[in-house]
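Visitor: My structure is stored as coords_15.cif, with mmCIF, N, CA, C and O atoms.
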data_my_file
#
loop_
_atom_site.label_atom_id
_atom_site.label_comp_id
_atom_site.auth_asym_id
_atom_site.auth_seq_id
_atom_site.Cartn_x
_atom_site.Cartn_y
_atom_site.Cartn_z
N ASP A 708 92.58 129.02 87.48
CA ASP A 708 93.84 128.32 87.60
C ASP A 708 93.60 126.89 88.07
O ASP A 708 92.81 126.65 88.98
N TYR A 709 94.32 125.98 87.46
CA TYR A 709 94.19 124.57 87.81
C TYR A 709 94.82 124.32 89.18
O TYR A 709 95.87 124.85 89.51
N ARG A 710 94.16 123.48 89.96
CA ARG A 710 94.68 123.04 91.26
C ARG A 710 94.49 121.54 91.33
O ARG A 710 93.38 121.04 91.09
N ALA A 711 95.55 120.81 91.65
CA ALA A 711 95.46 119.36 91.75
C ALA A 711 94.50 118.97 92.87
O ALA A 711 94.38 119.68 93.87
N PRO A 712 93.79 117.85 92.72
CA PRO A 712 92.85 117.43 93.76
C PRO A 712 93.56 117.04 95.06
O PRO A 712 94.72 116.63 95.04
N ASP A 713 92.83 117.18 96.17
CA ASP A 713 93.38 116.84 97.48
C ASP A 713 93.36 115.35 97.75
O ASP A 713 94.05 114.86 98.66
N PHE A 714 92.56 114.60 96.97
CA PHE A 714 92.43 113.15 97.16
C PHE A 714 92.51 112.45 95.82
O PHE A 714 92.15 113.01 94.78
N SER A 715 92.94 111.20 95.87
CA SER A 715 92.99 110.35 94.68
C SER A 715 92.09 109.14 94.95
O SER A 715 92.13 108.56 96.04
N VAL A 716 91.28 108.78 93.97
CA VAL A 716 90.41 107.61 94.08
C VAL A 716 90.94 106.57 93.10
O VAL A 716 90.91 106.78 91.88
N SER A 717 91.44 105.46 93.63
CA SER A 717 92.02 104.43 92.78
C SER A 717 90.98 103.44 92.26
O SER A 717 91.20 102.78 91.26
N GLN A 718 89.86 103.34 92.97
CA GLN A 718 88.81 102.40 92.55
C GLN A 718 87.48 102.87 93.10
O GLN A 718 87.41 103.40 94.22
N ILE A 719 86.42 102.68 92.31
CA ILE A 719 85.07 102.98 92.79
C ILE A 719 84.12 101.92 92.25
O ILE A 719 84.21 101.52 91.09
N ASN A 720 83.27 101.43 93.13
CA ASN A 720 82.24 100.46 92.76
C ASN A 720 80.89 101.09 93.07
O ASN A 720 80.68 101.58 94.18
N LEU A 721 80.00 101.05 92.09
CA LEU A 721 78.67 101.63 92.25
C LEU A 721 77.61 100.54 92.13
O LEU A 721 77.70 99.68 91.25
N LYS A 722 76.62 100.60 93.02
CA LYS A 722 75.49 99.69 92.96
C LYS A 722 74.22 100.53 92.96
O LYS A 722 74.04 101.38 93.84
N PHE A 723 73.35 100.29 91.99
CA PHE A 723 72.09 101.02 91.87
C PHE A 723 70.94 100.05 92.14
O PHE A 723 70.85 99.01 91.50
N GLU A 724 70.09 100.41 93.09
CA GLU A 724 68.90 99.62 93.39
C GLU A 724 67.68 100.47 93.03
O GLU A 724 67.42 101.48 93.67
N ILE A 725 66.96 100.04 92.00
CA ILE A 725 65.77 100.76 91.57
C ILE A 725 64.59 100.24 92.39
O ILE A 725 64.19 99.09 92.25
N LEU A 726 64.07 101.09 93.25
CA LEU A 726 62.96 100.73 94.13
C LEU A 726 61.69 101.44 93.66
O LEU A 726 61.72 102.22 92.71
N LYS A 727 60.59 101.17 94.32
CA LYS A 727 59.30 101.70 93.88
C LYS A 727 59.27 103.23 93.82
O LYS A 727 58.79 103.81 92.84
N ASP A 728 59.77 103.90 94.85
CA ASP A 728 59.66 105.36 94.90
C ASP A 728 61.00 106.09 94.92
O ASP A 728 61.03 107.31 95.06
N HIS A 729 62.11 105.37 94.81
CA HIS A 729 63.42 106.02 94.78
C HIS A 729 64.49 105.04 94.27
O HIS A 729 64.20 103.86 94.06
N CYS A 730 65.66 105.57 94.09
CA CYS A 730 66.81 104.75 93.70
C CYS A 730 67.85 104.86 94.81
O CYS A 730 68.21 105.96 95.23
N ARG A 731 68.33 103.72 95.30
CA ARG A 731 69.37 103.70 96.32
C ARG A 731 70.71 103.45 95.62
O ARG A 731 70.85 102.50 94.85
N VAL A 732 71.67 104.33 95.88
CA VAL A 732 73.00 104.21 95.27
C VAL A 732 74.02 103.95 96.37
O VAL A 732 74.12 104.71 97.33
N THR A 733 74.77 102.86 96.21
CA THR A 733 75.86 102.54 97.13
C THR A 733 77.17 102.74 96.37
O THR A 733 77.37 102.14 95.31
N ALA A 734 78.02 103.61 96.89
CA ALA A 734 79.32 103.89 96.27
C ALA A 734 80.41 103.48 97.26
O ALA A 734 80.43 103.95 98.40
N ILE A 735 81.30 102.59 96.82
CA ILE A 735 82.43 102.17 97.65
C ILE A 735 83.70 102.58 96.91
O ILE A 735 83.92 102.15 95.77
N SER A 736 84.50 103.44 97.55
CA SER A 736 85.69 104.01 96.91
C SER A 736 86.93 103.73 97.72
O SER A 736 86.90 103.78 98.96
N GLU A 737 88.04 103.49 97.03
CA GLU A 737 89.36 103.39 97.66
C GLU A 737 90.01 104.76 97.48
O GLU A 737 90.25 105.19 96.35
N VAL A 738 90.27 105.44 98.59
CA VAL A 738 90.68 106.84 98.56
C VAL A 738 92.05 107.01 99.23
O VAL A 738 92.31 106.40 100.26
N GLN A 739 92.88 107.85 98.64
CA GLN A 739 94.18 108.20 99.22
C GLN A 739 94.26 109.73 99.32
O GLN A 739 93.91 110.44 98.36
N LYS A 740 94.71 110.20 100.47
CA LYS A 740 94.87 111.63 100.66
C LYS A 740 96.16 112.07 99.96
O LYS A 740 97.21 111.47 100.12
N VAL A 741 96.07 113.15 99.19
CA VAL A 741 97.23 113.71 98.49
C VAL A 741 97.74 114.94 99.22
O VAL A 741 98.95 115.14 99.34
N THR A 742 96.82 115.75 99.74
CA THR A 742 97.17 116.98 100.44
C THR A 742 96.98 116.78 101.94
O THR A 742 95.85 116.52 102.38
N PRO A 743 98.04 116.88 102.74
CA PRO A 743 97.90 116.70 104.19
C PRO A 743 96.89 117.68 104.79
O PRO A 743 96.79 118.82 104.35
N HIS A 744 96.14 117.21 105.76
CA HIS A 744 95.18 118.01 106.54
C HIS A 744 93.98 118.51 105.72
O HIS A 744 93.23 119.35 106.20
N ALA A 745 93.82 118.04 104.50
CA ALA A 745 92.69 118.49 103.67
C ALA A 745 91.42 117.76 104.09
O ALA A 745 91.44 116.56 104.34
N PRO A 746 90.30 118.49 104.15
CA PRO A 746 89.02 117.81 104.40
C PRO A 746 88.55 117.12 103.12
O PRO A 746 88.87 117.55 102.01
N LEU A 747 87.79 116.06 103.28
CA LEU A 747 87.18 115.39 102.14
C LEU A 747 85.85 116.08 101.86
O LEU A 747 84.99 116.17 102.74
N ILE A 748 85.68 116.58 100.64
CA ILE A 748 84.46 117.28 100.26
C ILE A 748 83.80 116.48 99.14
O ILE A 748 84.40 116.27 98.08
N LEU A 749 82.58 116.02 99.40
CA LEU A 749 81.81 115.26 98.42
C LEU A 749 80.66 116.13 97.94
O LEU A 749 79.81 116.54 98.73
N ASP A 750 80.64 116.44 96.66
CA ASP A 750 79.59 117.27 96.10
C ASP A 750 78.37 116.42 95.74
O ASP A 750 78.51 115.27 95.31
N GLY A 751 77.19 116.99 95.91
CA GLY A 751 75.96 116.31 95.56
C GLY A 751 74.77 117.17 95.94
O GLY A 751 74.73 117.74 97.02
N VAL A 752 73.80 117.26 95.04
CA VAL A 752 72.61 118.08 95.26
C VAL A 752 71.38 117.18 95.27
O VAL A 752 71.28 116.25 94.48
N ASP A 753 70.47 117.47 96.18
CA ASP A 753 69.20 116.74 96.28
C ASP A 753 69.40 115.25 96.54
O ASP A 753 68.68 114.41 95.99
N LEU A 754 70.38 114.91 97.35
CA LEU A 754 70.63 113.52 97.74
C LEU A 754 70.24 113.34 99.20
O LEU A 754 70.52 114.19 100.03
N GLU A 755 69.62 112.22 99.50
CA GLU A 755 69.30 111.89 100.88
C GLU A 755 70.34 110.89 101.37
O GLU A 755 70.42 109.77 100.86
N LEU A 756 71.16 111.30 102.32
CA LEU A 756 72.21 110.44 102.84
C LEU A 756 71.59 109.38 103.75
O LEU A 756 70.87 109.70 104.69
N GLU A 757 71.88 108.13 103.44
CA GLU A 757 71.41 107.03 104.28
C GLU A 757 72.50 106.63 105.28
O GLU A 757 72.26 106.60 106.47
N THR A 758 73.69 106.33 104.78
CA THR A 758 74.82 106.00 105.65
C THR A 758 76.12 106.44 104.99
O THR A 758 76.21 106.55 103.77
N ILE A 759 77.12 106.64 105.84
CA ILE A 759 78.47 106.91 105.36
C ILE A 759 79.44 106.21 106.31
O ILE A 759 79.28 106.28 107.52
N GLU A 760 80.40 105.49 105.72
CA GLU A 760 81.37 104.72 106.51
C GLU A 760 82.78 104.98 106.00
O GLU A 760 82.99 105.16 104.81
N ILE A 761 83.71 104.95 106.94
CA ILE A 761 85.14 104.97 106.60
C ILE A 761 85.76 103.74 107.23
O ILE A 761 85.63 103.53 108.44
N ASN A 762 86.37 102.91 106.39
CA ASN A 762 86.99 101.66 106.83
C ASN A 762 86.04 100.80 107.66
O ASN A 762 86.41 100.22 108.68
N GLY A 763 84.77 100.74 107.22
CA GLY A 763 83.78 99.89 107.87
C GLY A 763 83.13 100.47 109.11
O GLY A 763 82.26 99.85 109.70
N LYS A 764 83.52 101.68 109.52
CA LYS A 764 82.95 102.32 110.71
C LYS A 764 81.97 103.39 110.27
O LYS A 764 82.32 104.32 109.56
N ALA A 765 80.72 103.25 110.73
CA ALA A 765 79.70 104.24 110.39
C ALA A 765 80.02 105.56 111.07
O ALA A 765 80.36 105.60 112.25
N LEU A 766 79.94 106.64 110.30
CA LEU A 766 80.18 107.97 110.86
C LEU A 766 78.91 108.50 111.50
O LEU A 766 77.80 108.32 110.98
N GLN A 767 79.07 109.16 112.61
CA GLN A 767 77.96 109.82 113.29
C GLN A 767 77.80 111.22 112.69
O GLN A 767 78.76 111.80 112.18
N PRO A 768 76.60 111.79 112.77
CA PRO A 768 76.39 113.14 112.21
C PRO A 768 77.37 114.19 112.74
O PRO A 768 77.68 115.15 112.04
N SER A 769 77.89 114.00 113.94
CA SER A 769 78.86 114.96 114.49
C SER A 769 80.23 114.86 113.81
O SER A 769 81.07 115.73 113.98
N GLU A 770 80.44 113.80 113.01
CA GLU A 770 81.74 113.59 112.36
C GLU A 770 81.80 114.15 110.93
O GLU A 770 82.82 114.03 110.26
N TYR A 771 80.71 114.74 110.47
CA TYR A 771 80.70 115.36 109.15
C TYR A 771 79.72 116.53 109.15
O TYR A 771 78.91 116.69 110.06
N GLN A 772 79.84 117.35 108.12
CA GLN A 772 78.95 118.50 107.95
C GLN A 772 78.20 118.30 106.64
O GLN A 772 78.82 118.16 105.58
N LYS A 773 76.88 118.27 106.71
CA LYS A 773 76.05 118.10 105.52
C LYS A 773 75.43 119.45 105.15
O LYS A 773 74.78 120.07 105.97
N ASN A 774 75.69 119.88 103.94
CA ASN A 774 75.18 121.13 103.42
C ASN A 774 74.27 120.82 102.23
O ASN A 774 74.28 119.70 101.72
N PRO A 775 73.49 121.78 101.73
CA PRO A 775 72.61 121.50 100.59
C PRO A 775 73.36 121.01 99.34
O PRO A 775 72.80 120.27 98.55
N GLU A 776 74.61 121.41 99.18
CA GLU A 776 75.34 121.05 97.96
C GLU A 776 76.52 120.11 98.16
O GLU A 776 77.12 119.67 97.19
N ASN A 777 76.89 119.81 99.44
CA ASN A 777 78.01 118.91 99.65
C ASN A 777 78.02 118.34 101.05
O ASN A 777 77.20 118.71 101.90
N LEU A 778 78.96 117.45 101.26
CA LEU A 778 79.18 116.83 102.56
C LEU A 778 80.68 116.95 102.84
O LEU A 778 81.49 116.66 101.94
N VAL A 779 81.05 117.39 104.04
CA VAL A 779 82.46 117.63 104.36
C VAL A 779 82.84 116.78 105.56
O VAL A 779 82.17 116.80 106.59
N ILE A 780 83.94 116.03 105.41
CA ILE A 780 84.50 115.25 106.50
C ILE A 780 85.88 115.83 106.79
O ILE A 780 86.77 115.77 105.94
N GLN A 781 86.04 116.39 107.97
CA GLN A 781 87.30 117.07 108.31
C GLN A 781 88.44 116.09 108.58
O GLN A 781 89.56 116.32 108.14
N ALA A 782 88.18 115.03 109.32
CA ALA A 782 89.25 114.12 109.75
C ALA A 782 89.12 112.79 109.02
O ALA A 782 88.21 112.00 109.29
N VAL A 783 90.05 112.54 108.09
CA VAL A 783 90.09 111.26 107.38
C VAL A 783 91.52 110.71 107.42
O VAL A 783 92.48 111.48 107.46
N PRO A 784 91.66 109.38 107.39
CA PRO A 784 93.00 108.80 107.37
C PRO A 784 93.72 109.08 106.04
O PRO A 784 93.11 109.57 105.08
N GLU A 785 94.97 108.71 105.97
CA GLU A 785 95.76 108.91 104.75
C GLU A 785 95.24 108.05 103.60
O GLU A 785 95.28 108.46 102.45
N SER A 786 94.78 106.85 103.92
CA SER A 786 94.24 105.92 102.94
C SER A 786 93.05 105.22 103.57
O SER A 786 93.12 104.80 104.72
N PHE A 787 91.94 105.10 102.82
CA PHE A 787 90.75 104.53 103.43
C PHE A 787 89.75 104.06 102.38
O PHE A 787 89.83 104.44 101.21
N THR A 788 88.83 103.22 102.84
CA THR A 788 87.70 102.79 102.03
C THR A 788 86.50 103.62 102.48
O THR A 788 86.17 103.66 103.66
N LEU A 789 85.88 104.28 101.54
CA LEU A 789 84.73 105.13 101.80
C LEU A 789 83.49 104.47 101.22
O LEU A 789 83.46 104.12 100.03
N LYS A 790 82.47 104.28 102.05
CA LYS A 790 81.20 103.75 101.59
C LYS A 790 80.11 104.78 101.87
O LYS A 790 79.95 105.21 103.01
N VAL A 791 79.41 105.17 100.81
CA VAL A 791 78.33 106.14 100.94
C VAL A 791 77.08 105.53 100.30
O VAL A 791 77.12 105.07 99.17
N VAL A 792 75.99 105.56 101.07
CA VAL A 792 74.70 105.10 100.55
C VAL A 792 73.76 106.30 100.54
O VAL A 792 73.56 106.94 101.57
N THR A 793 73.24 106.61 99.36
CA THR A 793 72.32 107.73 99.21
C THR A 793 71.05 107.28 98.49
O THR A 793 71.04 106.26 97.80
N ASN A 794 70.00 108.05 98.70
CA ASN A 794 68.73 107.81 98.04
C ASN A 794 68.42 108.96 97.11
O ASN A 794 68.55 110.12 97.48
N LEU A 795 68.03 108.62 95.89
CA LEU A 795 67.63 109.62 94.88
C LEU A 795 66.12 109.48 94.68
O LEU A 795 65.62 108.37 94.52
N LYS A 796 65.44 110.60 94.67
CA LYS A 796 63.99 110.56 94.46
C LYS A 796 63.62 111.19 93.14
O LYS A 796 64.30 111.91 92.55
#
Any chance you could put this one into structure tokens?

Guide:
Amino acid sequence: DYRAPDFSVSQINLKFEILKDHCRVTAISEVQKVTPHAPLILDGVDLELETIEINGKALQPSEYQKNPENLVIQAVPESFTLKVVTNLK
């Protein structure tokens, strides 16, 4: 059964830096919460998280849960800029 997404992304900017032994990807997204109290779940496998920011504030590891297949942020504002920097090997 189809279920509407909990968040809407109105804009995303991606930057790829090809380095000697990996690729660094910077994703900056404009995000709006659609479902109240919903956690933000970002799917991704085999990614090394470098940094994650909401509205320019770096999140501490205690502010999110990193699993092998996704990253979960429980508390997010109604509207925010999300910046995620990951490394791909």

Visitor: Output the residue selection produced by the PyMOL selection byres ((chain A and resi 731) around 6) on the file above, formatted as a list in words.

Guide: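 In the shown coordinates, the PyMOL selection byres ((chain A and resi 731) around 6) covers Lys722, Phe723, Glu724, Ile725, Leu726, His729, Cys730, Val732, Thr733, Thr793, Asn794 and Leu795 of chain A.
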
Visitor: I need the strand (DSSP E) residues of chain A per DSSP on the backbone, written as a PyMOL selection string.

Guide: chain A and resi 714-725+730-740+747-750+755-761+764-765+772-773+777-780+786-795

Visitor: Which residues, written as number ranges by chain, have at least one atom at most 9 Å from Val783 (chain A), with only C-alpha atoms counted and residues fewer than 5 positions away on the same chain left out?

Guide: A: 740, 744-747, 761

Visitor: Between atom N of Ile759 (chain A) and atom N of Lys773 (chain A), what is the distance in Å, rounded to a tenth?

Guide: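 Going from atom N of Ile759 (chain A) over to atom N of Lys773 (chain A), I get 11.7 Å.
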
Visitor: Can you work out the spacing between atom N of Glu776 (chain A) and atom O of Ser715 (chain A) in Å, to one decimal?

Guide: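 So the answer is 22.0 Å.
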
Visitor: Quick one: of A:Lys796, A:Asn774, A:Leu789, A:Asp750, who's nearest to Ile719 (chain A), counting all atoms listed in the file?

Guide: A:Leu789

Visitor: Could you list, as a compact mmCIF listing (two decimals) with N, CA, C and O atoms, in the coordinates of the input, every residue matched by the PyMOL selection byres (((chain A and resi 760 and name CA) around 9) and name CA) in this structure?

Guide:
# COMPACT_ATOMS: atom_id res chain seq x y z
N THR A 758 73.69 106.33 104.78
CA THR A 758 74.82 106.00 105.65
C THR A 758 76.12 106.44 104.99
O THR A 758 76.21 106.55 103.77
N ILE A 759 77.12 106.64 105.84
CA ILE A 759 78.47 106.91 105.36
C ILE A 759 79.44 106.21 106.31
O ILE A 759 79.28 106.28 107.52
N ILE A 761 83.71 104.95 106.94
CA ILE A 761 85.14 104.97 106.60
C ILE A 761 85.76 103.74 107.23
O ILE A 761 85.63 103.53 108.44
N ASN A 762 86.37 102.91 106.39
CA ASN A 762 86.99 101.66 106.83
C ASN A 762 86.04 100.80 107.66
O ASN A 762 86.41 100.22 108.68
N GLY A 763 84.77 100.74 107.22
CA GLY A 763 83.78 99.89 107.87
C GLY A 763 83.13 100.47 109.11
O GLY A 763 82.26 99.85 109.70
N LYS A 764 83.52 101.68 109.52
CA LYS A 764 82.95 102.32 110.71
C LYS A 764 81.97 103.39 110.27
O LYS A 764 82.32 104.32 109.56
N ALA A 765 80.72 103.25 110.73
CA ALA A 765 79.70 104.24 110.39
C ALA A 765 80.02 105.56 111.07
O ALA A 765 80.36 105.60 112.25
N LEU A 766 79.94 106.64 110.30
CA LEU A 766 80.18 107.97 110.86
C LEU A 766 78.91 108.50 111.50
O LEU A 766 77.80 108.32 110.98
N THR A 788 88.83 103.22 102.84
CA THR A 788 87.70 102.79 102.03
C THR A 788 86.50 103.62 102.48
O THR A 788 86.17 103.66 103.66
N LEU A 789 85.88 104.28 101.54
CA LEU A 789 84.73 105.13 101.80
C LEU A 789 83.49 104.47 101.22
O LEU A 789 83.46 104.12 100.03
N LYS A 790 82.47 104.28 102.05
CA LYS A 790 81.20 103.75 101.59
C LYS A 790 80.11 104.78 101.87
O LYS A 790 79.95 105.21 103.01
N VAL A 791 79.41 105.17 100.81
CA VAL A 791 78.33 106.14 100.94
C VAL A 791 77.08 105.53 100.30
O VAL A 791 77.12 105.07 99.17
N VAL A 792 75.99 105.56 101.07
CA VAL A 792 74.70 105.10 100.55
C VAL A 792 73.76 106.30 100.54
O VAL A 792 73.56 106.94 101.57

Visitor: Show me the residues around (82.3, 100.4, 94.4) - criterion: an atom at most 5 Å away, only N, CA, C and O atoms counted - as a list in words.

Guide: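 Residues found, by chain and rising number: Ile719, Asn720, Leu721, Ala734, Ile735 and Ser736 of chain A.
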
Visitor: What does the structure give for the distance between atom N of Pro768 (chain A) and atom O of Arg710 (chain A), in Å to one decimal?

Guide: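 These two atoms are separated by 28.9 Å.
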
Visitor: If you apply the PyMOL selection byres (((chain A and resi 785 and name CA) around 6) and name CA) to this file, what residues do you get, as a ChimeraX atom specification?

Guide: /A:739-740,784,786

Visitor: Any chance you could work out the axis-aligned box around region 766-769 of chain A, listed atoms only, 6 Å on each side, giving centre and edge lengths in Å to one decimal, as lines of an AutoDock Vina configuration file?

Guide:
center_x = 78.7
center_y = 111.2
center_z = 112.4
size_x = 16.7
size_y = 21.1
size_z = 16.2

Visitor: Residues at most 8 Å from Gly751 (chain A), counting only N, CA, C and O atoms, excluding those fewer than 2 positions away in the same chain, as a PDB file with N, CA, C and O atoms, in the frame of the given file?

Guide:
ATOM      1  N   ILE A 748      85.680 116.580 100.640  1.00  0.00           N
ATOM      2  CA  ILE A 748      84.460 117.280 100.260  1.00  0.00           C
ATOM      3  C   ILE A 748      83.800 116.480  99.140  1.00  0.00           C
ATOM      4  O   ILE A 748      84.400 116.270  98.080  1.00  0.00           O
ATOM      5  N   LEU A 749      82.580 116.020  99.400  1.00  0.00           N
ATOM      6  CA  LEU A 749      81.810 115.260  98.420  1.00  0.00           C
ATOM      7  C   LEU A 749      80.660 116.130  97.940  1.00  0.00           C
ATOM      8  O   LEU A 749      79.810 116.540  98.730  1.00  0.00           O
ATOM      9  N   ASP A 753      70.470 117.470  96.180  1.00  0.00           N
ATOM     10  CA  ASP A 753      69.200 116.740  96.280  1.00  0.00           C
ATOM     11  C   ASP A 753      69.400 115.250  96.540  1.00  0.00           C
ATOM     12  O   ASP A 753      68.680 114.410  95.990  1.00  0.00           O
ATOM     13  N   LEU A 754      70.380 114.910  97.350  1.00  0.00           N
ATOM     14  CA  LEU A 754      70.630 113.520  97.740  1.00  0.00           C
ATOM     15  C   LEU A 754      70.240 113.340  99.200  1.00  0.00           C
ATOM     16  O   LEU A 754      70.520 114.190 100.030  1.00  0.00           O
ATOM     17  N   GLU A 755      69.620 112.220  99.500  1.00  0.00           N
ATOM     18  CA  GLU A 755      69.300 111.890 100.880  1.00  0.00           C
ATOM     19  C   GLU A 755      70.340 110.890 101.370  1.00  0.00           C
ATOM     20  O   GLU A 755      70.420 109.770 100.860  1.00  0.00           O
ATOM     21  N   ASN A 774      75.690 119.880 103.940  1.00  0.00           N
ATOM     22  CA  ASN A 774      75.180 121.130 103.420  1.00  0.00           C
ATOM     23  C   ASN A 774      74.270 120.820 102.230  1.00  0.00           C
ATOM     24  O   ASN A 774      74.280 119.700 101.720  1.00  0.00           O
ATOM     25  N   PRO A 775      73.490 121.780 101.730  1.00  0.00           N
ATOM     26  CA  PRO A 775      72.610 121.500 100.590  1.00  0.00           C
ATOM     27  C   PRO A 775      73.360 121.010  99.340  1.00  0.00           C
ATOM     28  O   PRO A 775      72.800 120.270  98.550  1.00  0.00           O
ATOM     29  N   GLU A 776      74.610 121.410  99.180  1.00  0.00           N
ATOM     30  CA  GLU A 776      75.340 121.050  97.960  1.00  0.00           C
ATOM     31  C   GLU A 776      76.520 120.110  98.160  1.00  0.00           C
ATOM     32  O   GLU A 776      77.120 119.670  97.190  1.00  0.00           O
ATOM     33  N   ASN A 777      76.890 119.810  99.440  1.00  0.00           N
ATOM     34  CA  ASN A 777      78.010 118.910  99.650  1.00  0.00           C
ATOM     35  C   ASN A 777      78.020 118.340 101.050  1.00  0.00           C
ATOM     36  O   ASN A 777      77.200 118.710 101.900  1.00  0.00           O
ATOM     37  N   LEU A 778      78.960 117.450 101.260  1.00  0.00           N
ATOM     38  CA  LEU A 778      79.180 116.830 102.560  1.00  0.00           C
ATOM     39  C   LEU A 778      80.680 116.950 102.840  1.00  0.00           C
ATOM     40  O   LEU A 778      81.490 116.660 101.940  1.00  0.00           O
TER      41      LEU A 778
END

Visitor: Smallest atom-to-atom distance to Ser717 (chain A): which of A:Glu737, A:Thr742, A:Leu756, A:Phe787, using only N, CA, C and O atoms?

Guide: A:Glu737

Visitor: Please determine, counting only N, CA, C and O atoms, which residue among A:Glu757, A:Ala711, A:Gln718, A:Ser769 has the shortest atom-to-atom distance to Val741 (chain A).

Guide: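 Using only N, CA, C and O atoms, the shortest distance to Val741 (chain A) belongs to A:Ala711.
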
Visitor: Provide region 744-750 of chain A rebuilt to all heavy atoms, formatted as a compact mmCIF listing (two decimals), keeping the file's coordinate frame.

Guide:
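Listing of selection-v1.txt after writing:
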# COMPACT_ATOMS: atom_id res chain seq x y z
N HIS A 744 96.14 117.21 105.76
CA HIS A 744 95.18 118.01 106.54
C HIS A 744 93.98 118.51 105.72
O HIS A 744 93.23 119.35 106.20
CB HIS A 744 95.86 119.18 107.24
CG HIS A 744 97.08 118.80 108.00
ND1 HIS A 744 97.05 117.99 109.11
CD2 HIS A 744 98.39 119.06 107.79
CE1 HIS A 744 98.27 117.80 109.56
NE2 HIS A 744 99.11 118.44 108.77
N ALA A 745 93.82 118.04 104.50
CA ALA A 745 92.69 118.49 103.67
C ALA A 745 91.42 117.76 104.09
O ALA A 745 91.44 116.56 104.34
CB ALA A 745 92.98 118.22 102.20
N PRO A 746 90.30 118.49 104.15
CA PRO A 746 89.02 117.81 104.40
C PRO A 746 88.55 117.12 103.12
O PRO A 746 88.87 117.55 102.01
CB PRO A 746 88.08 118.95 104.78
CG PRO A 746 88.63 120.13 104.04
CD PRO A 746 90.14 119.93 104.03
N LEU A 747 87.79 116.06 103.28
CA LEU A 747 87.18 115.39 102.14
C LEU A 747 85.85 116.08 101.86
O LEU A 747 84.99 116.17 102.74
CB LEU A 747 86.95 113.91 102.44
CG LEU A 747 86.28 113.10 101.33
CD1 LEU A 747 87.16 113.06 100.09
CD2 LEU A 747 85.95 111.71 101.81
N ILE A 748 85.68 116.58 100.64
CA ILE A 748 84.46 117.28 100.26
C ILE A 748 83.80 116.48 99.14
O ILE A 748 84.40 116.27 98.08
CB ILE A 748 84.76 118.71 99.80
CG1 ILE A 748 85.44 119.49 100.93
CG2 ILE A 748 83.47 119.41 99.36
CD1 ILE A 748 85.95 120.85 100.53
N LEU A 749 82.58 116.02 99.40
CA LEU A 749 81.81 115.26 98.42
C LEU A 749 80.66 116.13 97.94
O LEU A 749 79.81 116.54 98.73
CB LEU A 749 81.27 113.98 99.06
CG LEU A 749 82.31 113.06 99.70
CD1 LEU A 749 81.63 111.93 100.45
CD2 LEU A 749 83.25 112.50 98.63
N ASP A 750 80.64 116.44 96.66
CA ASP A 750 79.59 117.27 96.10
C ASP A 750 78.37 116.42 95.74
O ASP A 750 78.51 115.27 95.31
CB ASP A 750 80.08 118.00 94.85
CG ASP A 750 81.12 119.05 95.17
OD1 ASP A 750 81.05 119.65 96.26
OD2 ASP A 750 82.01 119.27 94.32
